[in-house]
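Have a look at input_25.cif below; it lists mmCIF, C-alpha atoms.
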```cif
data_final
#
loop_
_atom_site.group_PDB
_atom_site.id
_atom_site.type_symbol
_atom_site.label_atom_id
_atom_site.label_comp_id
_atom_site.auth_asym_id
_atom_site.auth_seq_id
_atom_site.Cartn_x
_atom_site.Cartn_y
_atom_site.Cartn_z
ATOM 1 C CA MET L 307 79.694 96.750 176.460
ATOM 2 C CA ARG L 308 79.213 99.686 174.163
ATOM 3 C CA ARG L 309 82.827 100.643 174.678
ATOM 4 C CA ARG L 310 84.036 97.157 173.763
ATOM 5 C CA THR L 311 81.717 97.111 170.734
ATOM 6 C CA THR L 312 83.096 100.456 169.576
ATOM 7 C CA GLN L 313 86.701 99.345 170.086
ATOM 8 C CA LEU L 314 86.162 96.162 168.101
ATOM 9 C CA THR L 315 84.371 98.060 165.349
ATOM 10 C CA ILE L 316 87.205 100.583 165.072
ATOM 11 C CA LEU L 317 89.785 97.788 165.081
ATOM 12 C CA PHE L 318 88.041 95.935 162.230
ATOM 13 C CA ILE L 319 87.639 99.146 160.237
ATOM 14 C CA VAL L 320 91.316 100.072 160.626
ATOM 15 C CA ILE L 321 92.463 96.588 159.601
ATOM 16 C CA TYR L 322 90.050 96.536 156.676
ATOM 17 C CA THR L 323 91.026 100.053 155.545
ATOM 18 C CA LEU L 324 94.747 99.278 155.625
ATOM 19 C CA PHE L 325 94.147 96.033 153.741
ATOM 20 C CA PHE L 326 92.100 97.710 151.036
ATOM 21 C CA VAL L 327 94.462 100.671 150.713
ATOM 22 C CA VAL L 328 97.342 98.272 150.035
ATOM 23 C CA LEU L 329 95.129 96.217 147.717
ATOM 24 C CA ALA L 330 93.902 99.343 145.904
ATOM 25 C CA LEU L 331 97.450 100.655 145.390
ATOM 26 C CA PHE L 332 98.518 97.296 143.989
ATOM 27 C CA PHE L 333 95.437 97.131 141.778
ATOM 28 C CA LEU L 334 95.940 100.687 140.506
ATOM 29 C CA ALA L 335 99.551 99.950 139.600
ATOM 30 C CA TYR L 336 98.471 96.773 137.825
ATOM 31 C CA THR L 337 95.485 98.292 136.038
ATOM 32 C CA ASN L 338 97.506 101.336 134.980
ATOM 33 C CA ASN L 339 99.677 99.070 132.838
ATOM 34 C CA TYR L 340 96.941 96.577 131.941
ATOM 35 C CA PHE L 341 94.248 99.024 130.886
ATOM 36 C CA GLU L 342 96.687 101.371 129.195
ATOM 37 C CA GLY L 343 97.953 98.484 127.082
ATOM 38 C CA LYS L 344 94.422 97.208 126.478
ATOM 39 C CA ILE L 345 93.093 100.585 125.331
ATOM 40 C CA LYS L 346 96.065 101.038 123.014
ATOM 41 C CA ARG L 347 95.586 97.562 121.536
ATOM 42 C CA ASN L 348 91.859 98.236 121.097
ATOM 43 C CA ARG L 349 92.625 101.431 119.203
ATOM 44 C CA LEU L 350 95.067 99.529 116.995
ATOM 45 C CA GLN L 351 92.431 96.849 116.306
ATOM 46 C CA MET L 352 89.928 99.561 115.347
ATOM 47 C CA ALA L 353 92.514 101.061 113.000
ATOM 48 C CA GLU L 354 93.106 97.597 111.512
ATOM 49 C CA ARG L 355 89.391 97.242 110.752
ATOM 50 C CA THR L 356 89.428 100.599 108.995
ATOM 51 C CA LYS L 357 92.549 99.620 107.065
ATOM 52 C CA THR L 358 90.825 96.396 105.970
ATOM 53 C CA GLU L 359 87.881 98.464 104.705
ATOM 54 C CA ILE L 360 90.293 100.622 102.715
ATOM 55 C CA ASN L 361 91.993 97.558 101.239
ATOM 56 C CA THR L 362 88.667 96.000 100.256
ATOM 57 C CA ARG L 363 87.440 99.211 98.629
ATOM 58 C CA PHE L 364 90.716 99.700 96.769
ATOM 59 C CA ASP L 365 90.695 96.111 95.471
ATOM 60 C CA ASN L 366 87.058 96.241 94.348
ATOM 61 C CA ASP L 367 87.402 99.611 92.637
ATOM 62 C CA TYR L 368 90.649 98.634 90.945
ATOM 63 C CA GLU L 369 88.898 95.593 89.505
ATOM 64 C CA ILE L 370 86.056 97.797 88.223
ATOM 65 C CA PHE L 371 88.676 100.141 86.747
ATOM 66 C CA THR L 372 90.590 97.433 84.855
ATOM 67 C CA GLU L 373 87.420 95.790 83.566
ATOM 68 C CA ALA L 374 86.192 99.131 82.251
ATOM 69 C CA LEU L 375 89.456 99.704 80.381
ATOM 70 C CA GLN L 376 89.051 96.353 78.622
ATOM 71 C CA LYS L 377 85.589 97.323 77.341
ATOM 72 C CA TYR L 378 85.731 101.051 76.653
ATOM 73 C CA THR L 379 87.991 103.864 75.469
ATOM 74 C CA ASN L 380 88.742 106.862 77.645
ATOM 75 C CA GLU L 381 86.437 108.992 75.503
ATOM 76 C CA GLU L 382 83.531 106.567 75.954
ATOM 77 C CA LEU L 383 84.035 106.432 79.696
ATOM 78 C CA ASN L 384 84.363 110.192 80.131
ATOM 79 C CA ALA L 385 81.210 110.695 78.080
ATOM 80 C CA ASN L 386 79.273 108.276 80.259
ATOM 81 C CA LEU L 387 80.750 107.823 83.743
ATOM 82 C CA SER L 388 77.692 105.793 84.764
ATOM 83 C CA LEU L 389 79.381 102.904 82.925
ATOM 84 C CA VAL L 390 81.536 102.616 86.055
ATOM 85 C CA SER L 391 78.737 103.591 88.481
ATOM 86 C CA ASP L 392 80.194 107.118 88.736
ATOM 87 C CA LYS L 393 83.060 105.754 90.836
ATOM 88 C CA PHE L 394 85.613 107.774 88.845
ATOM 89 C CA LEU L 395 85.604 111.377 87.673
ATOM 90 C CA TYR L 396 87.973 111.168 84.723
ATOM 91 C CA PHE L 397 89.876 108.670 82.541
ATOM 92 C CA GLY L 398 93.083 109.584 80.766
ATOM 93 C CA ASN L 399 96.544 108.598 79.576
ATOM 94 C CA LEU L 400 99.924 108.746 81.293
ATOM 95 C CA THR L 401 103.541 107.679 80.993
ATOM 96 C CA GLU L 402 106.153 106.994 83.650
ATOM 97 C CA THR L 403 106.858 110.719 83.965
ATOM 98 C CA SER L 404 103.730 112.547 82.776
ATOM 99 C CA ILE L 405 99.962 112.587 83.015
ATOM 100 C CA THR L 406 97.394 114.100 80.640
ATOM 101 C CA ILE L 407 94.163 115.545 82.034
ATOM 102 C CA ALA L 408 91.636 117.280 79.753
ATOM 103 C CA ASP L 409 94.245 117.570 76.977
ATOM 104 C CA GLU L 410 96.710 119.266 79.350
ATOM 105 C CA LEU L 411 100.060 117.536 79.813
ATOM 106 C CA TYR L 412 101.703 117.558 83.258
ATOM 107 C CA GLU L 413 105.377 116.598 83.360
ATOM 108 C CA LEU L 414 106.927 115.125 86.508
ATOM 109 C CA PRO L 415 110.101 117.034 87.535
ATOM 110 C CA ALA L 416 113.252 115.036 86.794
ATOM 111 C CA ASN L 417 114.441 115.256 90.410
ATOM 112 C CA SER L 418 111.043 114.427 91.942
ATOM 113 C CA SER L 419 111.193 112.242 95.046
ATOM 114 C CA LEU L 420 107.753 110.897 94.091
ATOM 115 C CA LYS L 421 108.818 109.433 90.738
ATOM 116 C CA THR L 422 108.622 105.814 91.949
ATOM 117 C CA TYR L 423 105.442 106.477 93.889
ATOM 118 C CA PHE L 424 103.831 107.996 90.786
ATOM 119 C CA ASN L 425 104.015 104.611 89.065
ATOM 120 C CA GLU L 426 102.158 102.674 91.783
ATOM 121 C CA LYS L 427 98.878 101.097 90.656
ATOM 122 C CA ILE L 428 97.005 103.066 93.354
ATOM 123 C CA SER L 429 98.305 106.369 94.681
ATOM 124 C CA LEU L 430 97.199 109.608 96.310
ATOM 125 C CA TYR L 431 98.417 113.040 95.370
ATOM 126 C CA SER L 432 97.409 116.538 94.392
ATOM 127 C CA LEU L 433 98.783 117.866 91.130
ATOM 128 C CA SER L 434 100.398 120.768 92.997
ATOM 129 C CA LEU L 435 102.241 118.348 95.313
ATOM 130 C CA LEU L 436 103.194 115.857 92.624
ATOM 131 C CA PHE L 437 104.506 118.436 90.189
ATOM 132 C CA ASP L 438 105.718 120.908 92.825
ATOM 133 C CA ASP L 439 103.765 123.786 91.329
ATOM 134 C CA GLU L 440 101.412 125.944 93.395
ATOM 135 C CA ASP L 441 99.465 126.915 90.282
ATOM 136 C CA TYR L 442 98.218 123.342 89.868
ATOM 137 C CA GLU L 443 95.126 121.871 91.517
ATOM 138 C CA GLU L 444 95.615 121.345 95.275
ATOM 139 C CA GLU L 445 92.759 118.901 95.870
ATOM 140 C CA VAL L 446 94.024 115.404 96.651
ATOM 141 C CA LEU L 447 93.123 112.702 94.137
ATOM 142 C CA ILE L 448 93.125 108.913 94.265
ATOM 143 C CA VAL L 449 94.672 107.697 91.033
ATOM 144 C CA PHE L 450 94.220 104.158 89.686
ATOM 145 C CA ARG L 451 96.602 103.252 86.872
ATOM 146 C CA THR L 452 97.567 100.343 84.674
ATOM 147 C CA ASP L 453 100.055 100.505 81.806
ATOM 148 C CA ASN L 454 99.429 103.885 80.143
ATOM 149 C CA ARG L 455 95.882 104.606 81.317
ATOM 150 C CA PHE L 456 94.473 105.963 84.550
ATOM 151 C CA ALA L 457 91.318 107.093 86.320
ATOM 152 C CA TYR L 458 90.948 109.361 89.309
ATOM 153 C CA THR L 459 88.417 110.407 91.915
ATOM 154 C CA LYS L 460 88.535 112.877 94.807
ATOM 155 C CA ALA L 461 90.242 111.422 97.866
ATOM 156 C CA LYS L 462 88.311 113.291 100.550
ATOM 157 C CA SER L 463 84.823 112.237 99.423
ATOM 158 C CA TYR L 464 86.117 108.729 98.650
ATOM 159 C CA PHE L 465 87.451 108.154 102.150
ATOM 160 C CA GLN L 466 84.406 109.699 103.821
ATOM 161 C CA THR L 467 82.494 106.543 102.862
ATOM 162 C CA VAL L 468 85.241 104.273 104.240
ATOM 163 C CA ILE L 469 86.856 106.031 107.198
ATOM 164 C CA TYR L 470 84.657 107.238 110.052
ATOM 165 C CA ASP L 471 87.452 108.387 112.355
ATOM 166 C CA GLU L 472 87.654 112.100 113.096
ATOM 167 C CA ASN L 473 91.442 112.382 112.876
ATOM 168 C CA TYR L 474 93.640 110.472 110.468
ATOM 169 C CA LEU L 475 96.500 110.797 108.006
ATOM 170 C CA ILE L 476 97.375 108.981 104.789
ATOM 171 C CA THR L 477 101.142 109.035 104.297
ATOM 172 C CA ASP L 478 103.894 107.139 102.563
ATOM 173 C CA LYS L 479 106.704 105.396 104.410
ATOM 174 C CA THR L 480 108.986 108.439 104.181
ATOM 175 C CA GLY L 481 106.519 110.557 106.131
ATOM 176 C CA GLN L 482 105.113 112.427 103.126
ATOM 177 C CA ILE L 483 101.499 113.336 103.944
ATOM 178 C CA PHE L 484 99.033 112.986 101.077
ATOM 179 C CA LEU L 485 95.786 113.448 103.001
ATOM 180 C CA ALA L 486 95.283 115.027 106.415
ATOM 181 C CA GLU L 487 91.929 114.952 108.169
ATOM 182 C CA THR L 488 93.143 116.713 111.307
ATOM 183 C CA ILE L 489 92.713 120.085 112.987
ATOM 184 C CA SER L 490 95.836 121.247 111.160
ATOM 185 C CA SER L 491 94.891 120.340 107.596
ATOM 186 C CA ASN L 492 97.622 122.033 105.569
ATOM 187 C CA LEU L 493 100.250 119.387 106.212
ATOM 188 C CA THR L 494 102.781 117.855 103.849
ATOM 189 C CA ASN L 495 105.224 115.988 106.087
ATOM 190 C CA LEU L 496 105.180 114.201 109.438
ATOM 191 C CA ASP L 497 108.325 116.031 110.550
ATOM 192 C CA ALA L 498 106.331 119.264 110.519
ATOM 193 C CA TYR L 499 103.413 117.778 112.461
ATOM 194 C CA LEU L 500 104.641 115.130 114.875
ATOM 195 C CA ASP L 501 107.221 115.793 117.555
ATOM 196 C CA LYS L 502 110.083 113.277 117.337
ATOM 197 C CA SER L 503 108.490 111.787 114.235
ATOM 198 C CA SER L 504 111.789 110.178 113.249
ATOM 199 C CA ASN L 505 110.914 107.154 115.408
ATOM 200 C CA LEU L 506 107.555 106.836 113.689
ATOM 201 C CA VAL L 507 109.014 107.267 110.209
ATOM 202 C CA THR L 508 111.547 104.546 111.043
ATOM 203 C CA SER L 509 108.636 102.218 111.852
ATOM 204 C CA LEU L 510 106.890 103.158 108.608
ATOM 205 C CA ASN L 511 110.054 102.478 106.630
ATOM 206 C CA ALA L 512 110.204 99.026 108.193
ATOM 207 C CA ASP L 513 106.556 98.385 107.177
ATOM 208 C CA GLU L 514 105.723 97.920 110.851
ATOM 209 C CA LYS L 515 102.385 98.385 112.526
ATOM 210 C CA GLY L 516 101.921 99.666 116.045
ATOM 211 C CA TYR L 517 101.097 102.688 118.168
ATOM 212 C CA GLN L 518 102.907 105.561 119.827
ATOM 213 C CA VAL L 519 101.894 108.457 122.065
ATOM 214 C CA ILE L 520 103.226 111.550 120.295
ATOM 215 C CA ASP L 521 102.935 115.323 120.673
ATOM 216 C CA THR L 522 101.565 117.012 117.545
ATOM 217 C CA LEU L 523 100.695 120.534 116.471
ATOM 218 C CA ASP L 524 97.147 119.737 117.617
ATOM 219 C CA GLY L 525 98.091 118.286 121.007
ATOM 220 C CA GLU L 526 99.019 114.851 122.326
ATOM 221 C CA TYR L 527 97.686 111.869 120.366
ATOM 222 C CA LEU L 528 97.787 108.099 120.503
ATOM 223 C CA VAL L 529 98.878 107.353 116.928
ATOM 224 C CA SER L 530 98.116 103.914 115.466
ATOM 225 C CA TYR L 531 99.784 103.197 112.116
ATOM 226 C CA LEU L 532 99.333 100.419 109.555
ATOM 227 C CA ASN L 533 100.407 99.713 105.997
ATOM 228 C CA ILE L 534 97.688 99.631 103.317
ATOM 229 C CA GLU L 535 98.540 96.424 101.457
ATOM 230 C CA SER L 536 96.554 97.259 98.314
ATOM 231 C CA ALA L 537 98.714 100.363 97.918
ATOM 232 C CA PRO L 538 101.974 99.131 99.508
ATOM 233 C CA ASP L 539 103.632 102.523 99.761
ATOM 234 C CA LEU L 540 100.739 104.047 101.707
ATOM 235 C CA PHE L 541 100.096 104.058 105.447
ATOM 236 C CA TYR L 542 96.946 104.789 107.413
ATOM 237 C CA LEU L 543 97.540 106.696 110.676
ATOM 238 C CA ASN L 544 94.699 106.936 113.177
ATOM 239 C CA LEU L 545 95.026 109.779 115.704
ATOM 240 C CA TYR L 546 93.161 109.387 118.991
ATOM 241 C CA PRO L 547 93.282 112.357 121.420
ATOM 242 C CA TYR L 548 95.337 111.299 124.423
ATOM 243 C CA GLN L 549 93.011 113.379 126.601
ATOM 244 C CA ASN L 550 90.234 110.914 125.734
ATOM 245 C CA PHE L 551 92.602 108.083 126.585
ATOM 246 C CA VAL L 552 93.185 109.622 130.027
ATOM 247 C CA LYS L 553 89.410 109.981 130.484
ATOM 248 C CA ASP L 554 88.932 106.288 129.678
ATOM 249 C CA ARG L 555 91.492 105.382 132.311
ATOM 250 C CA PHE L 556 89.924 107.808 134.816
ATOM 251 C CA ILE L 557 86.573 106.043 134.417
ATOM 252 C CA VAL L 558 88.227 102.760 135.384
ATOM 253 C CA TYR L 559 89.749 104.355 138.480
ATOM 254 C CA LEU L 560 86.445 106.008 139.385
ATOM 255 C CA VAL L 561 84.649 102.667 139.239
ATOM 256 C CA LEU L 562 87.375 101.192 141.436
ATOM 257 C CA LEU L 563 87.062 104.024 143.959
ATOM 258 C CA ILE L 564 83.283 103.658 144.124
ATOM 259 C CA GLY L 565 83.735 99.922 144.657
ATOM 260 C CA ILE L 566 86.125 100.551 147.543
ATOM 261 C CA ILE L 567 83.780 103.077 149.182
ATOM 262 C CA VAL L 568 80.771 100.761 148.855
ATOM 263 C CA SER L 569 82.824 97.879 150.213
ATOM 264 C CA GLU L 570 83.976 100.090 153.095
ATOM 265 C CA VAL L 571 80.374 100.933 154.036
ATOM 266 C CA ILE L 572 79.277 97.294 153.797
ATOM 267 C CA PHE L 573 82.234 96.163 155.866
ATOM 268 C CA PHE L 574 81.548 98.876 158.437
ATOM 269 C CA LEU L 575 78.026 97.541 158.902
ATOM 270 C CA LEU L 576 79.279 93.963 159.044
ATOM 271 C CA SER L 577 82.044 94.937 161.459
ATOM 272 C CA PHE L 578 79.574 96.667 163.726
ATOM 273 C CA ALA L 579 77.250 93.655 163.691
ATOM 274 C CA PHE L 580 80.138 91.219 164.186
ATOM 275 C CA SER L 581 81.678 93.223 167.033
ATOM 276 C CA HIS L 582 78.255 93.477 168.662
ATOM 277 C CA LEU L 583 77.863 89.687 168.480
ATOM 278 C CA MET L 584 81.408 89.165 169.783
ATOM 279 C CA THR L 585 80.718 91.514 172.682
ATOM 280 C CA ALA L 586 77.435 89.771 173.488
ATOM 281 C CA ALA L 587 79.150 86.374 173.354
ATOM 282 C CA TYR L 588 81.947 87.629 175.584
ATOM 283 C CA ARG L 589 79.407 89.008 178.063
ATOM 284 C CA ASP L 590 77.507 85.700 178.129
ATOM 285 C CA PHE L 591 80.811 83.906 178.695
ATOM 286 C CA GLU L 592 81.666 86.180 181.612
ATOM 287 C CA LEU L 593 78.240 85.750 183.188
ATOM 288 C CA SER L 594 78.368 81.978 182.825
ATOM 289 C CA TYR L 595 81.958 81.802 184.069
ATOM 290 C CA PHE L 596 81.393 83.850 187.203
ATOM 291 C CA SER L 597 77.917 82.550 188.042
#
```

Please re-express this file's structure in structure tokens.
Amino acid sequence: MRRRTTQLTILFIVIYTLFFVVLALFFLAYTNNYFEGKIKRNRLQMAERTKTEINTRFDNDYEIFTEALQKYTNEELNANLSLVSDKFLYFGNLTETSITIADELYELPANSSLKTYFNEKISLYSLSLLFDDEDYEEEVLIVFRTDNRFAYTKAKSYFQTVIYDENYLITDKTGQIFLAETISSNLTNLDAYLDKSSNLVTSLNADEKGYQVIDTLDGEYLVSYLNIESAPDLFYLNLYPYQNFVKDRFIVYLVLLIGIIVSEVIFFLLSFAFSHLMTAAYRDFELSYFS
């Protein structure tokens, strides 16, 4: 009887194990695609929420900026920045090719690739980048402009109250980097940072949103990219370490493996009980048949 019970138990376990191995392989193949796509879409949705925050802040501050210009001169505003709740650090004048800060005139080079960008109502740049002169200030500014007047504030502190991601880039659609909050901070162009960035720049040029897994100078990242509508030439790129992405997927597989092991133990106990009952029933049948 014990022998028959053991044989039945082993048979049930083998059948169950084979069934669950096949099922697990199928499930892993399915979840690999499903969860990978889901995690990527979740990261894109998180980037979209951040982009919306940027748009809202830009719109609100631009409204404060234009209203202030209607009421006060640059001199009045610079003398009392609390009139605009200290949102801006300086007010001044500009033309299509020059900007005046603290009575110093900065002329845009005639062959500058940023000439069109310079005339956007909201833009990011450092004076050294914009005017291609290392002697100028390197800190990145956010510049709000209308007609021949402008106001600026520091980009890094501005975005710290809007963006809570550890790694991100603010670029234009050509791949020019204006702000880099990454391990490698001294960046000016995506071509120097992202491997095979031409595909990404093509997407930026088409005003597309999406995500790509790309090798960078800082390692492999899942890069989500979206256009900032309030500043149409700017893009927000969220960089999520691909190693974290792999960890997220590993957790899913670990939960699956634990589920299989627990199920295996439960089924082993059930198989043993069932085979014991089957053996007892078979023994009773034999006794009744031959009696």

Evaluate the PyMOL selection byres ((chain L and resi 426) around 10) and record the selected residues as a list in words, following the chain and residue labels used in the document.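 For this structure, the PyMOL selection byres ((chain L and resi 426) around 10) captures Lys421, Thr422, Tyr423, Phe424, Asn425, Lys427, Ile428, Ser429, Leu430, Val449, Phe450, Arg451, Thr452, Ala537, Pro538 and Asp539 of chain L.
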
Dump C-alpha atoms for the selected residues as an mmCIF file, in the coordinates of the input?
```cif
data_model
loop_
_atom_site.group_PDB
_atom_site.id
_atom_site.type_symbol
_atom_site.label_atom_id
_atom_site.label_comp_id
_atom_site.auth_asym_id
_atom_site.auth_seq_id
_atom_site.Cartn_x
_atom_site.Cartn_y
_atom_site.Cartn_z
ATOM 1 C CA LYS L 421 108.818 109.433 90.738
ATOM 2 C CA THR L 422 108.622 105.814 91.949
ATOM 3 C CA TYR L 423 105.442 106.477 93.889
ATOM 4 C CA PHE L 424 103.831 107.996 90.786
ATOM 5 C CA ASN L 425 104.015 104.611 89.065
ATOM 6 C CA LYS L 427 98.878 101.097 90.656
ATOM 7 C CA ILE L 428 97.005 103.066 93.354
ATOM 8 C CA SER L 429 98.305 106.369 94.681
ATOM 9 C CA LEU L 430 97.199 109.608 96.310
ATOM 10 C CA VAL L 449 94.672 107.697 91.033
ATOM 11 C CA PHE L 450 94.220 104.158 89.686
ATOM 12 C CA ARG L 451 96.602 103.252 86.872
ATOM 13 C CA THR L 452 97.567 100.343 84.674
ATOM 14 C CA ALA L 537 98.714 100.363 97.918
ATOM 15 C CA PRO L 538 101.974 99.131 99.508
ATOM 16 C CA ASP L 539 103.632 102.523 99.761
#
```

Minimum-distance residue to Thr362 (chain L), chosen among L:Ile534, L:Glu444, L:Tyr548, L:Asp521 (using only C-alpha atoms): L:Ile534

Computed interatomic separation between CA of Met352 (chain L) and CA of Ser490 (chain L) (Å):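 Distance between the two atoms: 22.9 Å.
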
Please write as a JSON list (two decimals) with C-alpha atoms, in the frame of the given file the full residue list that the PyMOL selection byres ((chain L and resi 366-372) around 8) yields on this file.
```json
[["chain", "number", "residue", "atom", "x", "y", "z"],
["L", 362, "THR", "CA", 88.67, 96.00, 100.26],
["L", 363, "ARG", "CA", 87.44, 99.21, 98.63],
["L", 364, "PHE", "CA", 90.72, 99.70, 96.77],
["L", 365, "ASP", "CA", 90.70, 96.11, 95.47],
["L", 373, "GLU", "CA", 87.42, 95.79, 83.57],
["L", 374, "ALA", "CA", 86.19, 99.13, 82.25],
["L", 375, "LEU", "CA", 89.46, 99.70, 80.38],
["L", 376, "GLN", "CA", 89.05, 96.35, 78.62],
["L", 390, "VAL", "CA", 81.54, 102.62, 86.06],
["L", 393, "LYS", "CA", 83.06, 105.75, 90.84],
["L", 450, "PHE", "CA", 94.22, 104.16, 89.69],
["L", 452, "THR", "CA", 97.57, 100.34, 84.67],
["L", 457, "ALA", "CA", 91.32, 107.09, 86.32]]
```

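Taking CA of Leu411 (chain L) and CA of Leu383 (chain L) as endpoints, the distance between them is 19.5 Å.
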
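For the pair CA of Ser419 (chain L) and CA of Ile520 (chain L), the separation is 26.5 Å.
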